[in-house]
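Colleague: Below are the structure tokens for one structure; questions will follow.
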Amino acid sequence: MNGHPLLSMLVLASAVAPAQRLVEGNASSPVRVLIYEDLQCPDCADFRRMLDEKLLPKYGGKVAFEHRDFPLAKHAWARKSAIAARFFQETSAELAVKYRRHTLASIQATTPANFNERLAEFAKSNGADPGAAVAALEDPRYAAAVEKDFQEGVARGVAHTPTAFVNGVAFVETFTFEEISKAIDSALAESRP
């Protein structure tokens with residue numbers, strides 16, 4: 001599965017409509033971690049590493065990690081990146097996760113001036129149509145799905161990224177694996193009959 005060992009652990013649908021939620025881990029789990037993220041946010045990049053290196057290996061079979069887009073106005077290309085993620089999501093959930101991971105890992109190399117070029121390169125190297133990926137940035141369906149996530153986040157009180165909710169408890173910006181793990185363990189214990 002494109003060389004990333006954790007992808008084999010993920011329960012991902014083959015494609016997810018842009019308005020649907022992208023879920024990693026056990027999509028049918030009653031325990032959900034709602035992750036509001038900005039794909040241009042360095043703290044979100046740190047959380048992505050925690051997700052890949054610690055959370056998914058430990059909880060991937062038991063917990064649903066649900067992505068929500070929350071592009072901050074201070075980040076010049078964050079909204080475009082969230083829209084692009086929705087485009088890839090329509091192709092496959094696996095590709096959408098790969099795009100999110102790639103984008104967060106390469107924040108320093110991306111600028112407003114080279115964003116479209118980097119998007120096209122990612123699409124081409126992953127078997128997607130580069131022209132369609134860039135054109136998707138103007139698709140109102142993708143923009144509406146991102147805006148819906150953003151407005152839901154605002155209604156929940158989200159102001160910083162990442163913000164992860166575990167059983168209604170918010171973990172904001174910088175938090176440790178131990179802190180969020182304790183909340184997940186508690187949520188799992190409460191979900192048992």
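Convention: chains lettered A, B, ... in structure tokens order; per-chain residue numbering from 1; ligands numbered from 1 as shown.
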Using only C-alpha atoms, which residues sit within 12 Å of Phe47 of chain A once same-chain residues fewer than 6 positions away are excluded, as a compact mmCIF listing (two decimals) with N, CA and C atoms, in the first residue's frame?

Modeller:
```
# COMPACT_ATOMS: atom_id res chain seq x y z
N ILE A 35 -10.31 15.52 14.97
CA ILE A 35 -9.08 16.28 14.82
C ILE A 35 -9.33 17.46 13.88
N TYR A 36 -9.32 18.65 14.44
CA TYR A 36 -9.41 19.87 13.63
C TYR A 36 -7.98 20.27 13.30
N GLU A 37 -7.68 20.30 11.98
CA GLU A 37 -6.29 20.53 11.57
C GLU A 37 -6.19 21.54 10.43
N ASP A 38 -5.04 22.16 10.38
CA ASP A 38 -4.66 23.12 9.35
C ASP A 38 -3.43 22.52 8.69
N LEU A 39 -3.48 22.28 7.40
CA LEU A 39 -2.39 21.57 6.72
C LEU A 39 -1.15 22.42 6.50
N CYS A 41 0.03 24.12 9.32
CA CYS A 41 0.34 24.39 10.72
C CYS A 41 1.47 23.48 11.24
N GLU A 53 3.25 7.69 14.50
CA GLU A 53 4.25 6.93 15.26
C GLU A 53 3.71 6.31 16.53
N LYS A 54 2.67 6.90 17.13
CA LYS A 54 2.22 6.41 18.43
C LYS A 54 0.72 6.09 18.50
N LEU A 55 -0.11 7.03 18.08
CA LEU A 55 -1.56 6.83 18.27
C LEU A 55 -2.14 5.72 17.39
N LEU A 56 -1.85 5.76 16.10
CA LEU A 56 -2.39 4.70 15.23
C LEU A 56 -1.83 3.32 15.56
N ARG A 100 -2.33 14.45 2.96
CA ARG A 100 -2.26 15.20 4.23
C ARG A 100 -0.89 14.99 4.88
N ARG A 101 -0.44 13.76 4.91
CA ARG A 101 0.86 13.44 5.51
C ARG A 101 1.98 14.17 4.75
N LEU A 104 1.86 18.09 5.31
CA LEU A 104 2.34 18.48 6.64
C LEU A 104 3.85 18.28 6.79
N ALA A 105 4.38 17.26 6.12
CA ALA A 105 5.81 16.99 6.21
C ALA A 105 6.64 17.97 5.38
N THR A 161 -4.99 25.23 16.06
CA THR A 161 -4.81 23.88 15.54
C THR A 161 -3.46 23.33 15.99
N PRO A 162 -3.41 22.01 16.14
CA PRO A 162 -4.56 21.11 16.08
C PRO A 162 -5.40 21.22 17.35
N THR A 163 -6.66 20.94 17.20
CA THR A 163 -7.53 20.73 18.34
C THR A 163 -8.14 19.35 18.15
N ALA A 164 -7.92 18.48 19.12
CA ALA A 164 -8.46 17.12 19.06
C ALA A 164 -9.44 16.95 20.21
N PHE A 171 -8.06 18.90 23.35
CA PHE A 171 -6.61 18.96 23.46
C PHE A 171 -6.17 19.95 22.39
N VAL A 172 -5.52 21.04 22.81
CA VAL A 172 -5.29 22.16 21.91
C VAL A 172 -3.80 22.43 21.68
N GLU A 173 -3.43 22.54 20.43
CA GLU A 173 -2.11 22.92 19.93
C GLU A 173 -0.99 21.99 20.34
N THR A 174 -0.49 22.13 21.53
CA THR A 174 0.64 21.30 21.96
C THR A 174 0.21 20.49 23.18
N PHE A 175 0.16 19.21 22.99
CA PHE A 175 -0.20 18.29 24.07
C PHE A 175 0.61 17.02 23.87
N THR A 176 0.78 16.29 24.92
CA THR A 176 1.64 15.11 24.86
C THR A 176 0.83 13.86 24.50
N PHE A 177 1.56 12.87 24.05
CA PHE A 177 0.97 11.57 23.78
C PHE A 177 0.33 11.02 25.06
N ILE A 180 -3.19 12.77 25.77
CA ILE A 180 -4.31 12.34 24.91
C ILE A 180 -4.55 10.85 25.06
```

Colleague: Please report, as a VMD selection string, each residue of segment 2-192 of chain A to which DSSP assigns alpha helix (DSSP H) when run on this structure's backbone.

Modeller: chain A and resid 42 to 50 56 to 59 78 to 91 93 to 105 115 to 125 130 to 135 140 to 156 177 to 191

Colleague: Using only C-alpha atoms, find the one residue out of A:Asp46, A:Asp69, A:Glu117, A:Glu178 that sits nearest to Ala143 of chain A.

Modeller: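 Residue with the minimum atom-to-atom distance to Ala143 of chain A: A:Asp69.
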
Colleague: Quick one: residues within 12 Å of Arg192 of chain A, only C-alpha atoms, excluding same-chain residues fewer than 2 positions away - as a ChimeraX atom specification?

Modeller: /A:29-31,62,185-190

Colleague: For atom CA of Gly127 of chain A and atom CA of His102 of chain A, quote the distance in Å rounded to one decimal.

Modeller: 15.0 Å

Colleague: Going by DSSP on the backbone, which bits of chain A are strand (DSSP E)? Write them as a ChimeraX atom specification, please.

Modeller: /A:22-25,32-37,64-69,163-166,169-172

Colleague: Please produce an output containing N, CA and C atoms for each residue in the selection, written as a PDB file, in the first residue's frame.

Modeller:
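Written file, again_22.pdb:
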```pdb
ATOM      1  N   LEU A  22     -13.114  11.977   6.650  1.00  0.00           N
ATOM      2  CA  LEU A  22     -12.007  11.067   6.418  1.00  0.00           C
ATOM      3  C   LEU A  22     -11.625  10.481   7.771  1.00  0.00           C
ATOM      4  N   VAL A  23     -11.638   9.150   7.863  1.00  0.00           N
ATOM      5  CA  VAL A  23     -11.371   8.476   9.129  1.00  0.00           C
ATOM      6  C   VAL A  23     -10.195   7.530   8.969  1.00  0.00           C
ATOM      7  N   GLU A  24      -9.270   7.597   9.922  1.00  0.00           N
ATOM      8  CA  GLU A  24      -8.191   6.624  10.027  1.00  0.00           C
ATOM      9  C   GLU A  24      -8.473   5.791  11.268  1.00  0.00           C
ATOM     10  N   GLY A  25      -8.028   4.546  11.237  1.00  0.00           N
ATOM     11  CA  GLY A  25      -8.266   3.670  12.372  1.00  0.00           C
ATOM     12  C   GLY A  25      -9.528   2.866  12.168  1.00  0.00           C
ATOM     13  N   ARG A  32     -14.359   8.157  19.157  1.00  0.00           N
ATOM     14  CA  ARG A  32     -13.903   8.978  18.047  1.00  0.00           C
ATOM     15  C   ARG A  32     -13.033  10.113  18.570  1.00  0.00           C
ATOM     16  N   VAL A  33     -11.923  10.315  17.899  1.00  0.00           N
ATOM     17  CA  VAL A  33     -11.071  11.461  18.170  1.00  0.00           C
ATOM     18  C   VAL A  33     -11.271  12.401  16.985  1.00  0.00           C
ATOM     19  N   LEU A  34     -11.910  13.541  17.231  1.00  0.00           N
ATOM     20  CA  LEU A  34     -12.154  14.526  16.183  1.00  0.00           C
ATOM     21  C   LEU A  34     -10.962  15.462  16.121  1.00  0.00           C
ATOM     22  N   ILE A  35     -10.315  15.515  14.966  1.00  0.00           N
ATOM     23  CA  ILE A  35      -9.081  16.277  14.815  1.00  0.00           C
ATOM     24  C   ILE A  35      -9.326  17.457  13.881  1.00  0.00           C
ATOM     25  N   TYR A  36      -9.319  18.655  14.442  1.00  0.00           N
ATOM     26  CA  TYR A  36      -9.407  19.873  13.628  1.00  0.00           C
ATOM     27  C   TYR A  36      -7.977  20.272  13.296  1.00  0.00           C
ATOM     28  N   GLU A  37      -7.677  20.298  11.981  1.00  0.00           N
ATOM     29  CA  GLU A  37      -6.294  20.531  11.574  1.00  0.00           C
ATOM     30  C   GLU A  37      -6.194  21.537  10.432  1.00  0.00           C
ATOM     31  N   ALA A  64     -11.568   5.532  16.137  1.00  0.00           N
ATOM     32  CA  ALA A  64     -11.711   6.265  14.874  1.00  0.00           C
ATOM     33  C   ALA A  64     -11.077   7.643  15.039  1.00  0.00           C
ATOM     34  N   PHE A  65     -10.112   7.954  14.202  1.00  0.00           N
ATOM     35  CA  PHE A  65      -9.481   9.271  14.186  1.00  0.00           C
ATOM     36  C   PHE A  65     -10.066  10.017  12.981  1.00  0.00           C
ATOM     37  N   GLU A  66     -10.916  10.973  13.259  1.00  0.00           N
ATOM     38  CA  GLU A  66     -11.716  11.637  12.225  1.00  0.00           C
ATOM     39  C   GLU A  66     -11.158  13.027  11.932  1.00  0.00           C
ATOM     40  N   HIS A  67     -10.775  13.247  10.682  1.00  0.00           N
ATOM     41  CA  HIS A  67     -10.174  14.524  10.274  1.00  0.00           C
ATOM     42  C   HIS A  67     -11.237  15.568   9.973  1.00  0.00           C
ATOM     43  N   ARG A  68     -10.999  16.777  10.464  1.00  0.00           N
ATOM     44  CA  ARG A  68     -11.821  17.949  10.160  1.00  0.00           C
ATOM     45  C   ARG A  68     -10.871  19.061   9.727  1.00  0.00           C
ATOM     46  N   ASP A  69     -11.251  19.780   8.699  1.00  0.00           N
ATOM     47  CA  ASP A  69     -10.402  20.866   8.211  1.00  0.00           C
ATOM     48  C   ASP A  69     -10.697  22.158   8.950  1.00  0.00           C
ATOM     49  N   THR A 163      -6.660  20.940  17.198  1.00  0.00           N
ATOM     50  CA  THR A 163      -7.527  20.729  18.344  1.00  0.00           C
ATOM     51  C   THR A 163      -8.143  19.352  18.150  1.00  0.00           C
ATOM     52  N   ALA A 164      -7.925  18.479  19.116  1.00  0.00           N
ATOM     53  CA  ALA A 164      -8.462  17.118  19.063  1.00  0.00           C
ATOM     54  C   ALA A 164      -9.439  16.953  20.211  1.00  0.00           C
ATOM     55  N   PHE A 165     -10.632  16.455  19.897  1.00  0.00           N
ATOM     56  CA  PHE A 165     -11.642  16.200  20.918  1.00  0.00           C
ATOM     57  C   PHE A 165     -11.728  14.714  21.192  1.00  0.00           C
ATOM     58  N   VAL A 166     -11.607  14.339  22.465  1.00  0.00           N
ATOM     59  CA  VAL A 166     -11.784  12.962  22.909  1.00  0.00           C
ATOM     60  C   VAL A 166     -12.898  12.998  23.943  1.00  0.00           C
ATOM     61  N   VAL A 169     -13.577  16.320  25.451  1.00  0.00           N
ATOM     62  CA  VAL A 169     -12.448  17.013  26.071  1.00  0.00           C
ATOM     63  C   VAL A 169     -11.512  17.481  24.955  1.00  0.00           C
ATOM     64  N   ALA A 170     -11.195  18.779  24.962  1.00  0.00           N
ATOM     65  CA  ALA A 170     -10.352  19.347  23.915  1.00  0.00           C
ATOM     66  C   ALA A 170      -8.877  19.305  24.299  1.00  0.00           C
ATOM     67  N   PHE A 171      -8.057  18.902  23.350  1.00  0.00           N
ATOM     68  CA  PHE A 171      -6.608  18.962  23.462  1.00  0.00           C
ATOM     69  C   PHE A 171      -6.168  19.947  22.389  1.00  0.00           C
ATOM     70  N   VAL A 172      -5.523  21.039  22.806  1.00  0.00           N
ATOM     71  CA  VAL A 172      -5.287  22.163  21.907  1.00  0.00           C
ATOM     72  C   VAL A 172      -3.797  22.425  21.681  1.00  0.00           C
TER      73      VAL A 172
END
```

Colleague: Take atom CA of Tyr59 of chain A and atom CA of Ala96 of chain A and report the distance between them in Å, one decimal.

Modeller: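 Atom-to-atom, atom CA of Tyr59 of chain A to atom CA of Ala96 of chain A, that is 20.2 Å.
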
Colleague: With distances taken over only C-alpha atoms, which residue among A:Arg156, A:Lys58, A:Lys148, A:Arg141 lies nearest Phe87 of chain A?

Modeller: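 Selected residue with least distance to Phe87 of chain A: A:Arg141.
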
Colleague: Taking only C-alpha atoms into account, name the residue in A:Cys44, A:Ala73, A:Val63, A:Ala78 that is nearest to Pro112 of chain A.

Modeller: A:Ala78

Colleague: Give me, as a compact mmCIF listing (two decimals) with N, CA and C atoms, in the first residue's frame, all polymer residues having an atom no more than 12 Å from Pro140 of chain A, counting only C-alpha atoms and skipping those fewer than 6 positions away in the same chain.

Modeller:
```
# COMPACT_ATOMS: atom_id res chain seq x y z
N PRO A 18 -16.47 14.25 -0.82
CA PRO A 18 -15.82 15.40 -0.20
C PRO A 18 -16.52 15.89 1.06
N ALA A 19 -17.81 15.72 1.18
CA ALA A 19 -18.53 16.19 2.36
C ALA A 19 -18.47 15.19 3.51
N LYS A 80 -6.43 26.25 0.48
CA LYS A 80 -6.23 25.56 -0.80
C LYS A 80 -5.81 24.11 -0.55
N ILE A 83 -8.79 22.04 0.48
CA ILE A 83 -9.62 21.77 -0.70
C ILE A 83 -8.98 20.66 -1.54
N ALA A 84 -7.67 20.73 -1.73
CA ALA A 84 -6.97 19.68 -2.48
C ALA A 84 -7.12 18.33 -1.79
N ARG A 86 -9.64 17.29 -0.14
CA ARG A 86 -10.99 16.79 -0.46
C ARG A 86 -11.02 16.21 -1.87
N PHE A 87 -10.28 16.80 -2.79
CA PHE A 87 -10.19 16.26 -4.15
C PHE A 87 -9.59 14.84 -4.10
N VAL A 146 -15.01 22.09 3.13
CA VAL A 146 -14.00 22.65 4.03
C VAL A 146 -14.64 23.71 4.92
N GLU A 147 -15.45 24.57 4.33
CA GLU A 147 -16.09 25.64 5.10
C GLU A 147 -17.03 25.07 6.16
N LYS A 148 -17.72 23.99 5.83
CA LYS A 148 -18.62 23.34 6.79
C LYS A 148 -17.83 22.86 8.01
```

Colleague: Which residue is closest to Gln20 of chain A? Choose from A:Gln89, A:Ser106, A:Gln40, A:Ser81 and count only C-alpha atoms.

Modeller: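 Smallest distance to Gln20 of chain A is found for A:Gln89.
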
Colleague: Restricting the calculation to only C-alpha atoms: of A:Thr110, A:Thr91, A:Ser191, A:Asn26, which residue gets closest to Asp129 of chain A?

Modeller: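 Using only C-alpha atoms, Asp129 of chain A sits closest to A:Thr91.
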
Colleague: Using Å and a single decimal, report how far atom CA of Gly168 of chain A sits from atom CA of Val154 of chain A.

Modeller: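 According to the coordinates, atom CA of Val154 of chain A and atom CA of Gly168 of chain A are separated by 14.6 Å.
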
Colleague: Using only C-alpha atoms, determine which residues lie at most 9 Å from Thr111 of chain A, disregarding the query and same-chain residues fewer than 4 positions distant; provide the list as a PDB file with N, CA and C atoms, in the first residue's frame.

Modeller:
```
ATOM      1  N   ALA A  76      -1.351  31.248   4.437  1.00  0.00           N
ATOM      2  CA  ALA A  76      -1.659  31.675   3.070  1.00  0.00           C
ATOM      3  C   ALA A  76      -2.222  30.575   2.167  1.00  0.00           C
ATOM      4  N   TRP A  77      -1.779  29.334   2.331  1.00  0.00           N
ATOM      5  CA  TRP A  77      -2.245  28.284   1.422  1.00  0.00           C
ATOM      6  C   TRP A  77      -2.972  27.142   2.142  1.00  0.00           C
ATOM      7  N   ILE A 107       5.843  21.421   4.822  1.00  0.00           N
ATOM      8  CA  ILE A 107       5.377  22.801   5.020  1.00  0.00           C
ATOM      9  C   ILE A 107       6.459  23.809   4.634  1.00  0.00           C
ATOM     10  N   PHE A 115       2.587  26.640  -4.578  1.00  0.00           N
ATOM     11  CA  PHE A 115       1.599  25.671  -4.103  1.00  0.00           C
ATOM     12  C   PHE A 115       1.008  24.843  -5.240  1.00  0.00           C
TER      13      PHE A 115
END
```
